[in-house]
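The file structure.txt contains compact mmCIF, N, CA and C atoms:
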```txt
# COMPACT_ATOMS: atom_id res chain seq x y z
N MET A 1 -11.10 0.99 7.85
CA MET A 1 -11.31 2.39 7.52
C MET A 1 -12.01 2.46 6.17
N ARG A 2 -13.06 3.23 6.11
CA ARG A 2 -13.80 3.43 4.87
C ARG A 2 -13.31 4.69 4.20
N GLY A 3 -13.27 4.67 2.89
CA GLY A 3 -12.84 5.83 2.13
C GLY A 3 -12.41 5.42 0.75
N ARG A 4 -11.81 6.33 0.04
CA ARG A 4 -11.33 6.08 -1.32
C ARG A 4 -9.97 5.42 -1.25
N ALA A 5 -9.83 4.28 -1.94
CA ALA A 5 -8.58 3.52 -1.93
C ALA A 5 -7.75 3.83 -3.18
N TYR A 6 -6.45 3.87 -3.00
CA TYR A 6 -5.52 4.15 -4.09
C TYR A 6 -4.48 3.03 -4.15
N ARG A 7 -4.30 2.47 -5.35
CA ARG A 7 -3.33 1.40 -5.55
C ARG A 7 -1.99 1.98 -5.97
N LEU A 8 -0.94 1.17 -5.78
CA LEU A 8 0.38 1.56 -6.27
C LEU A 8 0.33 1.77 -7.77
N GLN A 9 1.13 2.70 -8.25
CA GLN A 9 1.12 3.03 -9.66
C GLN A 9 2.00 2.06 -10.44
N PHE A 10 1.37 1.22 -11.23
CA PHE A 10 2.05 0.32 -12.15
C PHE A 10 1.30 0.36 -13.47
N ARG A 11 2.01 0.12 -14.56
CA ARG A 11 1.31 -0.08 -15.82
C ARG A 11 0.57 -1.40 -15.73
N LEU A 12 -0.53 -1.52 -16.44
CA LEU A 12 -1.36 -2.72 -16.37
C LEU A 12 -0.58 -3.96 -16.79
N VAL A 13 0.25 -3.83 -17.81
CA VAL A 13 1.04 -4.97 -18.28
C VAL A 13 1.98 -5.44 -17.18
N THR A 14 2.63 -4.51 -16.51
CA THR A 14 3.55 -4.86 -15.43
C THR A 14 2.81 -5.54 -14.28
N ARG A 15 1.65 -5.00 -13.93
CA ARG A 15 0.86 -5.57 -12.85
C ARG A 15 0.41 -7.00 -13.18
N VAL A 16 -0.01 -7.23 -14.43
CA VAL A 16 -0.48 -8.55 -14.84
C VAL A 16 0.67 -9.55 -14.90
N VAL A 17 1.81 -9.14 -15.45
CA VAL A 17 2.96 -10.05 -15.53
C VAL A 17 3.43 -10.45 -14.14
N TRP A 18 3.56 -9.48 -13.23
CA TRP A 18 3.99 -9.82 -11.87
C TRP A 18 2.96 -10.70 -11.17
N SER A 19 1.68 -10.44 -11.43
CA SER A 19 0.63 -11.27 -10.81
C SER A 19 0.70 -12.70 -11.31
N LEU A 20 0.92 -12.88 -12.60
CA LEU A 20 1.06 -14.24 -13.15
C LEU A 20 2.27 -14.96 -12.56
N LEU A 21 3.38 -14.24 -12.46
CA LEU A 21 4.58 -14.83 -11.87
C LEU A 21 4.34 -15.24 -10.41
N LEU A 22 3.69 -14.38 -9.65
CA LEU A 22 3.40 -14.70 -8.25
C LEU A 22 2.38 -15.83 -8.13
N ALA A 23 1.40 -15.87 -9.02
CA ALA A 23 0.41 -16.95 -9.00
C ALA A 23 1.06 -18.29 -9.34
N LEU A 24 1.97 -18.30 -10.31
CA LEU A 24 2.70 -19.53 -10.63
C LEU A 24 3.58 -19.97 -9.46
N SER A 25 4.20 -19.03 -8.82
CA SER A 25 5.02 -19.35 -7.64
C SER A 25 4.14 -19.93 -6.52
N ALA A 26 2.99 -19.31 -6.30
CA ALA A 26 2.08 -19.81 -5.26
C ALA A 26 1.61 -21.22 -5.59
N ALA A 27 1.29 -21.49 -6.85
CA ALA A 27 0.86 -22.84 -7.25
C ALA A 27 1.98 -23.85 -7.05
N PHE A 28 3.20 -23.46 -7.38
CA PHE A 28 4.35 -24.37 -7.19
C PHE A 28 4.54 -24.70 -5.72
N PHE A 29 4.53 -23.67 -4.87
CA PHE A 29 4.77 -23.91 -3.44
C PHE A 29 3.60 -24.62 -2.77
N LEU A 30 2.39 -24.41 -3.27
CA LEU A 30 1.25 -25.15 -2.75
C LEU A 30 1.38 -26.64 -3.08
N ARG A 31 1.82 -26.92 -4.29
CA ARG A 31 2.02 -28.32 -4.70
C ARG A 31 3.11 -28.98 -3.85
N VAL A 32 4.19 -28.26 -3.59
CA VAL A 32 5.26 -28.80 -2.74
C VAL A 32 4.75 -29.02 -1.32
N LEU A 33 3.91 -28.10 -0.85
CA LEU A 33 3.39 -28.18 0.52
C LEU A 33 2.50 -29.40 0.73
N VAL A 34 1.71 -29.77 -0.25
CA VAL A 34 0.79 -30.89 -0.10
C VAL A 34 1.36 -32.21 -0.63
N ASP A 35 2.59 -32.21 -1.09
CA ASP A 35 3.22 -33.42 -1.60
C ASP A 35 3.42 -34.43 -0.46
N ALA A 36 2.80 -35.60 -0.60
CA ALA A 36 2.85 -36.63 0.45
C ALA A 36 4.21 -37.31 0.53
N SER A 37 4.96 -37.35 -0.56
CA SER A 37 6.24 -38.04 -0.55
C SER A 37 7.36 -37.23 0.10
N LEU A 38 7.09 -35.98 0.40
CA LEU A 38 8.09 -35.11 1.01
C LEU A 38 8.18 -35.39 2.50
N GLU A 39 9.38 -35.71 2.98
CA GLU A 39 9.56 -36.08 4.39
C GLU A 39 10.10 -34.93 5.24
N SER A 40 10.68 -33.93 4.61
CA SER A 40 11.31 -32.84 5.35
C SER A 40 10.28 -31.78 5.79
N ASN A 41 10.15 -31.63 7.10
CA ASN A 41 9.24 -30.60 7.61
C ASN A 41 9.80 -29.20 7.40
N TRP A 42 11.12 -29.08 7.36
CA TRP A 42 11.73 -27.77 7.14
C TRP A 42 11.40 -27.27 5.73
N PHE A 43 11.41 -28.19 4.78
CA PHE A 43 11.10 -27.82 3.40
C PHE A 43 9.62 -27.43 3.28
N ARG A 44 8.76 -28.12 4.02
CA ARG A 44 7.34 -27.76 4.03
C ARG A 44 7.14 -26.38 4.65
N LEU A 45 7.86 -26.10 5.71
CA LEU A 45 7.76 -24.80 6.37
C LEU A 45 8.23 -23.68 5.43
N ALA A 46 9.32 -23.92 4.73
CA ALA A 46 9.83 -22.93 3.76
C ALA A 46 8.83 -22.75 2.62
N SER A 47 8.19 -23.82 2.19
CA SER A 47 7.18 -23.73 1.14
C SER A 47 5.96 -22.95 1.60
N LEU A 48 5.55 -23.15 2.85
CA LEU A 48 4.43 -22.41 3.40
C LEU A 48 4.75 -20.91 3.46
N ALA A 49 5.94 -20.58 3.93
CA ALA A 49 6.35 -19.17 4.00
C ALA A 49 6.39 -18.55 2.60
N SER A 50 6.89 -19.28 1.63
CA SER A 50 6.95 -18.78 0.25
C SER A 50 5.56 -18.62 -0.35
N LEU A 51 4.66 -19.55 -0.04
CA LEU A 51 3.28 -19.44 -0.49
C LEU A 51 2.62 -18.19 0.07
N LEU A 52 2.80 -17.94 1.36
CA LEU A 52 2.22 -16.76 1.99
C LEU A 52 2.81 -15.47 1.41
N CYS A 53 4.10 -15.48 1.11
CA CYS A 53 4.73 -14.30 0.50
C CYS A 53 4.18 -14.04 -0.91
N SER A 54 3.94 -15.11 -1.66
CA SER A 54 3.36 -14.95 -3.00
C SER A 54 1.96 -14.36 -2.93
N ILE A 55 1.16 -14.83 -1.99
CA ILE A 55 -0.20 -14.31 -1.83
C ILE A 55 -0.16 -12.85 -1.38
N ALA A 56 0.73 -12.53 -0.45
CA ALA A 56 0.87 -11.14 0.00
C ALA A 56 1.34 -10.25 -1.14
N GLY A 57 2.21 -10.76 -2.00
CA GLY A 57 2.68 -9.98 -3.15
C GLY A 57 1.55 -9.64 -4.11
N ILE A 58 0.65 -10.59 -4.34
CA ILE A 58 -0.49 -10.33 -5.20
C ILE A 58 -1.40 -9.28 -4.56
N ARG A 59 -1.56 -9.35 -3.25
CA ARG A 59 -2.38 -8.36 -2.56
C ARG A 59 -1.76 -6.96 -2.66
N VAL A 60 -0.45 -6.87 -2.56
CA VAL A 60 0.22 -5.58 -2.66
C VAL A 60 0.02 -4.99 -4.06
N LEU A 61 0.08 -5.84 -5.09
CA LEU A 61 -0.08 -5.36 -6.46
C LEU A 61 -1.49 -4.86 -6.75
N TRP A 62 -2.50 -5.54 -6.25
CA TRP A 62 -3.88 -5.22 -6.60
C TRP A 62 -4.65 -4.52 -5.50
N GLY A 63 -4.16 -4.52 -4.27
CA GLY A 63 -4.88 -3.92 -3.16
C GLY A 63 -4.53 -2.46 -2.97
N ALA A 64 -5.19 -1.88 -2.00
CA ALA A 64 -5.00 -0.46 -1.70
C ALA A 64 -3.66 -0.22 -1.02
N SER A 65 -3.01 0.85 -1.40
CA SER A 65 -1.77 1.27 -0.75
C SER A 65 -2.04 2.43 0.21
N ILE A 66 -3.01 3.26 -0.16
CA ILE A 66 -3.42 4.40 0.66
C ILE A 66 -4.95 4.45 0.65
N ILE A 67 -5.53 4.71 1.80
CA ILE A 67 -6.97 4.91 1.89
C ILE A 67 -7.20 6.27 2.55
N ALA A 68 -7.95 7.14 1.85
CA ALA A 68 -8.29 8.45 2.38
C ALA A 68 -9.77 8.46 2.70
N GLY A 69 -10.10 8.64 3.98
CA GLY A 69 -11.49 8.65 4.42
C GLY A 69 -11.76 9.80 5.36
N PRO A 70 -12.98 9.92 5.82
CA PRO A 70 -13.33 11.03 6.70
C PRO A 70 -12.58 11.02 8.03
N ASP A 71 -12.16 9.85 8.48
CA ASP A 71 -11.46 9.73 9.76
C ASP A 71 -9.97 10.06 9.66
N GLY A 72 -9.40 9.92 8.48
CA GLY A 72 -7.98 10.16 8.33
C GLY A 72 -7.42 9.42 7.14
N LEU A 73 -6.12 9.27 7.15
CA LEU A 73 -5.39 8.66 6.05
C LEU A 73 -4.76 7.37 6.57
N ARG A 74 -4.95 6.27 5.84
CA ARG A 74 -4.30 5.01 6.19
C ARG A 74 -3.27 4.72 5.11
N VAL A 75 -2.01 4.57 5.53
CA VAL A 75 -0.91 4.30 4.61
C VAL A 75 -0.37 2.92 4.93
N TYR A 76 -0.43 2.03 3.93
CA TYR A 76 0.11 0.69 4.12
C TYR A 76 1.60 0.70 3.88
N ARG A 77 2.32 0.06 4.75
CA ARG A 77 3.77 -0.04 4.67
C ARG A 77 4.15 -1.03 3.57
N PRO A 78 5.43 -1.03 3.15
CA PRO A 78 5.84 -2.03 2.17
C PRO A 78 5.63 -3.46 2.66
N TRP A 79 5.67 -3.66 3.96
CA TRP A 79 5.44 -5.00 4.50
C TRP A 79 3.98 -5.11 4.91
N TRP A 80 3.10 -5.30 3.92
CA TRP A 80 1.68 -5.45 4.19
C TRP A 80 1.51 -6.64 5.12
N PRO A 81 0.68 -6.63 6.10
CA PRO A 81 -0.46 -5.79 6.42
C PRO A 81 -0.17 -4.65 7.39
N LEU A 82 1.09 -4.35 7.63
CA LEU A 82 1.41 -3.22 8.52
C LEU A 82 0.93 -1.92 7.89
N HIS A 83 0.36 -1.06 8.69
CA HIS A 83 -0.13 0.22 8.19
C HIS A 83 0.02 1.29 9.26
N ARG A 84 -0.18 2.52 8.82
CA ARG A 84 -0.12 3.65 9.73
C ARG A 84 -1.35 4.51 9.49
N ASP A 85 -2.08 4.81 10.54
CA ASP A 85 -3.24 5.69 10.46
C ASP A 85 -2.82 7.10 10.88
N ILE A 86 -3.20 8.07 10.06
CA ILE A 86 -2.86 9.47 10.32
C ILE A 86 -4.15 10.28 10.35
N ASP A 87 -4.42 10.92 11.47
CA ASP A 87 -5.59 11.78 11.58
C ASP A 87 -5.35 13.07 10.79
N TRP A 88 -6.44 13.64 10.27
CA TRP A 88 -6.30 14.83 9.44
C TRP A 88 -5.71 16.01 10.19
N TYR A 89 -6.01 16.14 11.46
CA TYR A 89 -5.50 17.30 12.21
C TYR A 89 -3.99 17.24 12.42
N ARG A 90 -3.38 16.08 12.22
CA ARG A 90 -1.93 15.95 12.39
C ARG A 90 -1.14 16.42 11.17
N ILE A 91 -1.81 16.60 10.02
CA ILE A 91 -1.13 16.98 8.78
C ILE A 91 -1.10 18.51 8.67
N LEU A 92 0.10 19.06 8.61
CA LEU A 92 0.27 20.50 8.49
C LEU A 92 0.22 20.94 7.02
N ALA A 93 0.93 20.22 6.15
CA ALA A 93 1.00 20.60 4.73
C ALA A 93 1.22 19.37 3.87
N THR A 94 0.82 19.49 2.62
CA THR A 94 1.01 18.44 1.64
C THR A 94 1.71 19.03 0.43
N ASP A 95 2.78 18.39 -0.03
CA ASP A 95 3.52 18.87 -1.20
C ASP A 95 3.62 17.75 -2.23
N ILE A 96 3.57 18.15 -3.51
CA ILE A 96 3.88 17.21 -4.59
C ILE A 96 5.33 17.45 -4.97
N ILE A 97 6.13 16.41 -4.93
CA ILE A 97 7.54 16.52 -5.27
C ILE A 97 7.69 16.31 -6.78
N PRO A 98 7.96 17.37 -7.55
CA PRO A 98 8.06 17.23 -9.00
C PRO A 98 9.28 16.41 -9.40
N GLY A 99 9.14 15.71 -10.49
CA GLY A 99 10.24 14.87 -10.97
C GLY A 99 10.13 13.46 -10.44
N PHE A 100 9.79 13.33 -9.18
CA PHE A 100 9.63 12.00 -8.57
C PHE A 100 8.16 11.61 -8.50
N TRP A 101 7.28 12.60 -8.49
CA TRP A 101 5.83 12.43 -8.51
C TRP A 101 5.31 11.58 -7.37
N PHE A 102 5.61 12.02 -6.17
CA PHE A 102 4.99 11.43 -4.99
C PHE A 102 4.60 12.57 -4.06
N LEU A 103 3.75 12.26 -3.12
CA LEU A 103 3.28 13.26 -2.16
C LEU A 103 4.10 13.18 -0.89
N GLU A 104 4.40 14.33 -0.32
CA GLU A 104 5.10 14.40 0.95
C GLU A 104 4.22 15.13 1.95
N LEU A 105 3.98 14.49 3.07
CA LEU A 105 3.17 15.10 4.13
C LEU A 105 4.10 15.67 5.19
N GLU A 106 3.81 16.88 5.61
CA GLU A 106 4.53 17.46 6.74
C GLU A 106 3.57 17.45 7.92
N MET A 107 3.99 16.82 9.00
CA MET A 107 3.14 16.69 10.17
C MET A 107 3.34 17.89 11.10
N ASN A 108 2.40 18.08 11.99
CA ASN A 108 2.52 19.15 12.98
C ASN A 108 3.76 18.98 13.86
N SER A 109 4.19 17.75 14.04
CA SER A 109 5.36 17.47 14.87
C SER A 109 6.68 17.77 14.16
N GLY A 110 6.62 18.10 12.86
CA GLY A 110 7.84 18.35 12.08
C GLY A 110 8.27 17.14 11.28
N GLU A 111 7.68 16.00 11.53
CA GLU A 111 8.01 14.78 10.79
C GLU A 111 7.53 14.92 9.35
N ARG A 112 8.31 14.37 8.44
CA ARG A 112 7.93 14.34 7.02
C ARG A 112 7.71 12.88 6.62
N LEU A 113 6.64 12.66 5.89
CA LEU A 113 6.28 11.31 5.48
C LEU A 113 6.06 11.30 3.97
N GLU A 114 6.81 10.44 3.27
CA GLU A 114 6.64 10.31 1.83
C GLU A 114 5.61 9.23 1.55
N LEU A 115 4.57 9.58 0.83
CA LEU A 115 3.57 8.60 0.44
C LEU A 115 4.03 7.89 -0.81
N PRO A 116 3.70 6.62 -0.96
CA PRO A 116 4.10 5.91 -2.18
C PRO A 116 3.40 6.48 -3.41
N SER A 117 4.01 6.30 -4.56
CA SER A 117 3.43 6.77 -5.81
C SER A 117 2.22 5.91 -6.15
N VAL A 118 1.07 6.53 -6.24
CA VAL A 118 -0.18 5.81 -6.45
C VAL A 118 -0.88 6.29 -7.72
N GLU A 119 -1.82 5.48 -8.19
CA GLU A 119 -2.67 5.89 -9.30
C GLU A 119 -3.56 7.04 -8.83
N HIS A 120 -3.89 7.94 -9.73
CA HIS A 120 -4.78 9.08 -9.44
C HIS A 120 -4.23 9.94 -8.31
N MET A 121 -2.94 10.26 -8.41
CA MET A 121 -2.29 11.04 -7.36
C MET A 121 -2.89 12.44 -7.22
N ASP A 122 -3.30 13.05 -8.34
CA ASP A 122 -3.91 14.37 -8.26
C ASP A 122 -5.22 14.33 -7.46
N GLU A 123 -5.98 13.27 -7.67
CA GLU A 123 -7.23 13.12 -6.91
C GLU A 123 -6.94 12.92 -5.42
N LEU A 124 -5.91 12.14 -5.11
CA LEU A 124 -5.53 11.94 -3.71
C LEU A 124 -5.11 13.27 -3.08
N TYR A 125 -4.32 14.05 -3.80
CA TYR A 125 -3.89 15.35 -3.30
C TYR A 125 -5.11 16.24 -3.01
N GLN A 126 -6.05 16.29 -3.95
CA GLN A 126 -7.25 17.11 -3.77
C GLN A 126 -8.07 16.62 -2.58
N GLN A 127 -8.16 15.31 -2.43
CA GLN A 127 -8.93 14.76 -1.31
C GLN A 127 -8.28 15.09 0.03
N ILE A 128 -6.96 14.99 0.10
CA ILE A 128 -6.25 15.35 1.34
C ILE A 128 -6.48 16.81 1.67
N GLU A 129 -6.33 17.68 0.68
CA GLU A 129 -6.54 19.10 0.91
C GLU A 129 -7.99 19.41 1.28
N ASP A 130 -8.93 18.71 0.66
CA ASP A 130 -10.34 18.92 0.97
C ASP A 130 -10.65 18.54 2.42
N PHE A 131 -10.18 17.38 2.86
CA PHE A 131 -10.42 16.97 4.24
C PHE A 131 -9.73 17.91 5.23
N ARG A 132 -8.52 18.36 4.88
CA ARG A 132 -7.81 19.28 5.78
C ARG A 132 -8.53 20.62 5.88
N THR A 133 -9.00 21.15 4.76
CA THR A 133 -9.66 22.47 4.80
C THR A 133 -11.01 22.36 5.49
N ARG A 134 -11.72 21.26 5.32
CA ARG A 134 -12.98 21.08 6.06
C ARG A 134 -12.71 21.05 7.56
N LEU A 135 -11.61 20.45 7.94
CA LEU A 135 -11.24 20.39 9.36
C LEU A 135 -10.92 21.81 9.87
N ASP A 136 -10.22 22.60 9.04
CA ASP A 136 -9.89 23.97 9.44
C ASP A 136 -11.13 24.84 9.56
N SER A 137 -12.14 24.62 8.71
CA SER A 137 -13.34 25.47 8.75
C SER A 137 -14.23 25.14 9.94
N VAL A 138 -14.09 23.93 10.51
CA VAL A 138 -14.89 23.55 11.66
C VAL A 138 -14.39 24.26 12.91
N HIS A 139 -13.08 24.43 13.02
CA HIS A 139 -12.50 25.02 14.24
C HIS A 139 -12.42 26.48 14.09
```

Could you take the file, read its structure, and then write that structure out as structure tokens?
Amino acid sequence: MRGRAYRLQFRLVTRVVWSLLLALSAAFFLRVLVDASLESNWFRLASLASLLCSIAGIRVLWGASIIAGPDGLRVYRPWWPLHRDIDWYRILATDIIPGFWFLELEMNSGERLELPSVEHMDELYQQIEDFRTRLDSVH
């Protein structure tokens, strides 16, 4: 899906520290994985799983959490790469929840969906409303 991407809201220092920790973890597990003296396949399997989790963690920190495009909204779940695509016509209303500072979508079906707290949330809100109103003016 093409569109404007929004990352999870973290301070830069927090994002860099977590990235360094995950990169060190990935390097450690990669070294364990390629160690020739290791005879246990179970330990290699656990190291591979940990390496993949470290890489996925770095992607979650630096990658898009929400993508707003002309086709709809793509929301990535906490367990990346799982995501949910939402067409614009399915969104009835968008609210900003004060105090917690996240967006809540109300769907036509009555379902409510809380979007994760992202950088440039005001811009995301404006973009959602813009796409929704353009959809309303077409019909």

Apply DSSP to the structure's backbone, then extract all residues of range 23-134 of chain A labelled alpha helix (DSSP H) and return them as a PyMOL selection string. chain A and resi 23-34+41-62+121-134

Please return, as a ChimeraX atom specification, all residues of chain A that DSSP assigns to strand (DSSP E or B) on the basis of the backbone. /A:4-8,64-69,72-76,83-86,91-97,102-107,112-114,118

Can you list every residue of range 54-93 of chain A that has an atom at most 8 Å from range 103-113 of chain A, with its nearest atom pair and the distance in Å to one decimal, using only N, CA and C atoms, ordered by chain then number, as a tab-separated table?
```
residue	atom	partner	partner_atom	distance
A:Tyr89	C	A:Asn108	N	6.5
A:Arg90	C	A:Asn108	N	4.0
A:Ile91	CA	A:Met107	CA	4.5
A:Leu92	N	A:Glu106	C	3.9
A:Ala93	C	A:Glu106	N	4.0
```

May I have the protein, DNA and RNA residues with any atom at most 5 Å from the point (-1.2, -5.2, -11.1), counting all atoms listed in the file, written as JSON, numbers by chain? {"A": [15, 16, 61]}

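Atom pair atom C of Asp85 in chain A / CA of Ser54 in chain A has a distance of 26.8 Å (rounded to one decimal).
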
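The smallest atom-to-atom distance between Phe28 in chain A and any of A:Asn41, A:Ser47, A:Leu12, A:Arg74, using only N, CA and C atoms, is found for A:Ser47.
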
One decimal, in Å: what's the spacing between atom C of Asp35 in chain A and CA of Leu48 in chain A?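 Going from atom C of Asp35 in chain A over to CA of Leu48 in chain A covers 12.7 Å.
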
For a quick check of your reading of the model, name the residues lying within 7 Å of the coordinate (4.0, 2.3, -10.3), counting only N, CA and C atoms, and write them as a VMD selection string. chain A and resid 8 to 11 117 to 119

Export of the given selection (N, CA and C atoms) as a CSV table (one decimal), in the frame of the given file:
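Once written, result28.csv looks like this:
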```csv
chain,number,residue,atom,x,y,z
A,8,LEU,N,-0.9,1.2,-5.8
A,8,LEU,CA,0.4,1.6,-6.3
A,8,LEU,C,0.3,1.8,-7.8
A,9,GLN,N,1.1,2.7,-8.2
A,9,GLN,CA,1.1,3.0,-9.7
A,9,GLN,C,2.0,2.1,-10.4
A,10,PHE,N,1.4,1.2,-11.2
A,10,PHE,CA,2.0,0.3,-12.2
A,10,PHE,C,1.3,0.4,-13.5
A,11,ARG,N,2.0,0.1,-14.6
A,11,ARG,CA,1.3,-0.1,-15.8
A,11,ARG,C,0.6,-1.4,-15.7
A,117,SER,N,4.0,6.3,-4.6
A,117,SER,CA,3.4,6.8,-5.8
A,117,SER,C,2.2,5.9,-6.2
A,118,VAL,N,1.1,6.5,-6.2
A,118,VAL,CA,-0.2,5.8,-6.4
A,118,VAL,C,-0.9,6.3,-7.7
A,119,GLU,N,-1.8,5.5,-8.2
A,119,GLU,CA,-2.7,5.9,-9.3
A,119,GLU,C,-3.6,7.0,-8.8
```

Contacts of Ile58 in chain A at 8 Å or less, counting all atoms listed in the file, minus same-chain residues fewer than 5 places along, as number ranges by chain? A: 18-20, 22-23, 52-53, 63

For Phe102 in chain A, which residue out of A:Met121, A:Leu30, A:Ile86, A:Val17 is the nearest one, using only C-alpha atoms?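 Going through A:Met121, A:Leu30, A:Ile86, A:Val17 one by one, the smallest distance to Phe102 in chain A is for A:Met121.
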
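Between atom N of Gly3 in chain A and atom N of Gly69 in chain A lies a distance of 5.2 Å.
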
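Between Ile55 in chain A and the residues A:Ser25, A:Arg134, A:Gln126, A:Asp95, the shortest atom-to-atom distance, using only N, CA and C atoms, involves A:Ser25.
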